[in-house]
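In what follows, a structure is listed as structure tokens, so that the remarks can point back to it.
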Amino acid sequence: MSDGTPAEVVAGAPRGATDKTFELLTALADGRPHSGGALATTFGISRAAIWERVQRLREMGADIYAVSGKGYQLARAFEFLEAAAIEAQLSEPARAVLAPLTVAATVDSTNQRLLEATAVRNIHGEAWLAEFQTAGRGRRGDRWLAPPGAAVCLSLGWRFEAQPRDLSTLSLVVGIAIARGLKQIGAVGLGLKWPNDLLLNGRKLAGILIEMRSELGGPCTVVIGVGVNVALGPALQAQIDQPVASLADACETPPSRNAVAAALLNALTATLAEFAQSGFAGFVPAWRALDALADRQISLVLPDREVLGVARGVDANGLLLIETHGRTESFLSGHVRLREAG
């Protein structure tokens with residue numbers, strides 16, 4: 001097992017100030033107060049330079065407080081992601097398919113790292129994790145906000161030797177996999193919002209971004225990006241324009257981030273193998289059991305119109321069913337919003 005310090009900043013991420021900043025985060029990881037003077041001595045820099053690094057961490061979203069007469073302190077103890085700690089909790093089937101994990105301190109985007117790698121190698125089973133993404137992104141081009149220590153952000157490369165006929169349902173299957181993994185570590189109250197959001201009691205807990213590289217009539221490679229909120233502080237929640245939740249709210253005991261990462265990889269590898277064999281049809285009951293939209297009034301925003309109606313689940317092809325004006329229509333894509341009844 002590693003010594004609990006973050007991995008180096010990797011290619012594609014800004015260097016210099018960022019890696020020095022993470023050194024400070026290592027010193028504060030115990031959650032106890034540390035005086036500016038002691039930190040300055042440890043790192044051989046001035047107290048003013050320590051303050052500048054604290055400010056950079058705060059800009060990333062880290063909850064660091066200045067405690068009068070005591071120094072700087074994180075709101076909670078910080079657990080770094082560690083490849084060895086994650087790999088120790090992997091199931092045997094997951095170990096068999098996964099390559100050694102890459103865990104970065106700072107990277108532009110874990111999805112981007114894997115997408116670029118598809119040009120030079122088969123990335124099946126490669127997984128990237130990062131403490132902080134400078135250009136993390138979500139569906140529809142939104143930025144994914146995840147301060148150091150507050151989330152688990154990972155990307156997994158997967159290759160389908162024969163492109164599944166119902167590949168368009170992959171985001172639904174991945175949502176089921178995430179729910180399965182988080183339930184294994186004690187999360188309750190989970191639901192899925194079509195097509196790719198995991199909710200906790202109606203608030204967004206996790207998001208999914210799937211990007212694909214395929215050959216005509218040949219294999220298909222996908223990069224599956226997953227971001228799960230583990231412990232978001234109030235400062236970050238104020239920056240997000242929708243209700244959000246954290247795993248700390250879903251579990252009786254706040255979960256280890258390394259345990260969360262392992263649970264996600266265990267569930268993803270098992271579920272993706274199942275999907276490659278049987279397609280989406282066998283997942284319909286699992287989706288229905290988690291469907292957070294079922295029988296609720298929604299609006300579906302399409303490029304040319306907005307559809308208002310009642311959500312009636314998904315069909316065997318993963319299409320969203322909406323009952324409107326006495327008839328049920330099916331939809332392949334669109335942005336869903338919940339509406340107040342009445």
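Note on naming: chains are A, B, ... as they come in the structure tokens, residues start from 1 per chain, ligands start from 1 in the order shown.
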Handout entry: strand (DSSP E) call set, DSSP backbone run, stretch 110-290 of chain A, as number ranges by chain
Key = A: 127-133, 151-160, 190-193, 197-200, 203-214, 220-229
Handout entry: Spatial neighbours of A:Ala262, 12 Å, only C-alpha atoms, chain gap at least 3 places, as a PyMOL selection string
Key = chain A and resi 81-92+94-95+98+101+127+129+152-154+178+181-182+184-185+255-259+265-269
Running DSSP on the backbone, which parts of stretch 53-83 of chain A land in alpha helix (DSSP H), as a tab-separated table (two decimals) with C-alpha atoms, in the first residue's frame?
chain	number	residue	atom	x	y	z
A	53	ARG	CA	-1.32	28.00	-1.51
A	54	VAL	CA	-4.26	27.93	0.88
A	55	GLN	CA	-6.06	30.38	-1.41
A	56	ARG	CA	-5.39	28.18	-4.45
A	57	LEU	CA	-6.83	25.18	-2.63
A	58	ARG	CA	-9.88	27.20	-1.69
A	59	GLU	CA	-10.31	28.19	-5.34
A	60	MET	CA	-10.37	24.47	-6.17
A	83	ALA	CA	-4.21	2.76	-6.26
Handout entry: Interatomic distance, atom CA of A:Glu215 to atom CA of A:Ala270 (Å, one decimal)
Key = 24.4 Å
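Comparing the minimum interatomic distances between A:Gly207 and each of A:Thr221, A:Gln297, A:Thr134, A:Ser155, counting only C-alpha atoms, we find that A:Ser155 sits nearest.
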Residues within 10 Å of A:Trp287, only C-alpha atoms, excluding chain neighbours under 6 positions, as a PDB file with C-alpha atoms, in the first residue's frame:
ATOM      1  CA  LEU A 172     -28.887   3.480 -18.435  1.00  0.00           C
ATOM      2  CA  VAL A 173     -26.894   0.312 -17.785  1.00  0.00           C
ATOM      3  CA  GLY A 175     -26.502   4.078 -14.015  1.00  0.00           C
ATOM      4  CA  ILE A 176     -27.715   0.701 -12.769  1.00  0.00           C
ATOM      5  CA  GLY A 191     -32.904   6.509  -7.811  1.00  0.00           C
ATOM      6  CA  LEU A 192     -32.154   6.950 -11.514  1.00  0.00           C
ATOM      7  CA  LYS A 193     -33.217   9.885 -13.640  1.00  0.00           C
ATOM      8  CA  TRP A 194     -33.307   9.045 -17.337  1.00  0.00           C
ATOM      9  CA  PHE A 280     -30.488  -4.073 -22.286  1.00  0.00           C
ATOM     10  CA  GLY A 313     -40.700   4.308 -17.514  1.00  0.00           C
ATOM     11  CA  VAL A 314     -38.610   2.960 -20.385  1.00  0.00           C
ATOM     12  CA  GLY A 318     -34.296   2.097 -23.248  1.00  0.00           C
TER      13      GLY A 318
END
Handout entry: Residue nearest A:Val230 - candidates A:Lys204, A:Arg327, A:Arg213, A:Arg47, atoms counted: only C-alpha atoms
Key = A:Lys204
Handout entry: Residues near A:Asp315, cut-off 10 Å, only C-alpha atoms, skip fewer than 6 positions along chain, as a PyMOL selection string
Key = chain A and resi 280-281+284+288+321+330-331
Practice task
Give me, please, the distance in Å between atom CA of A:Leu247 and atom CA of A:Ala187, quoted to one decimal.
Solution key: 7.0 Å
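By only C-alpha atoms, and with residues fewer than 3 positions from A:Gln133 along its chain excluded, the set lying at most 7 Å from it is A:Thr106, A:Val107, A:Asp108, A:Ser109, A:Ala130, A:Gly136.
When atom CA of A:Asn196 is paired with atom CA of A:Arg337, their separation reads 13.0 Å.
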Closest pair table for stretch 91-168 of chain A residues within 12 Å of stretch 64-78 of chain A, only C-alpha atoms, as a tab-separated table:
residue	atom	partner	partner_atom	distance
A:Glu131	CA	A:Phe78	CA	10.9
A:Pro147	CA	A:Phe78	CA	11.5
A:Pro148	CA	A:Phe78	CA	8.7
A:Gly149	CA	A:Phe78	CA	6.1
A:Ala150	CA	A:Phe78	CA	8.9
A:Ala151	CA	A:Phe78	CA	11.3
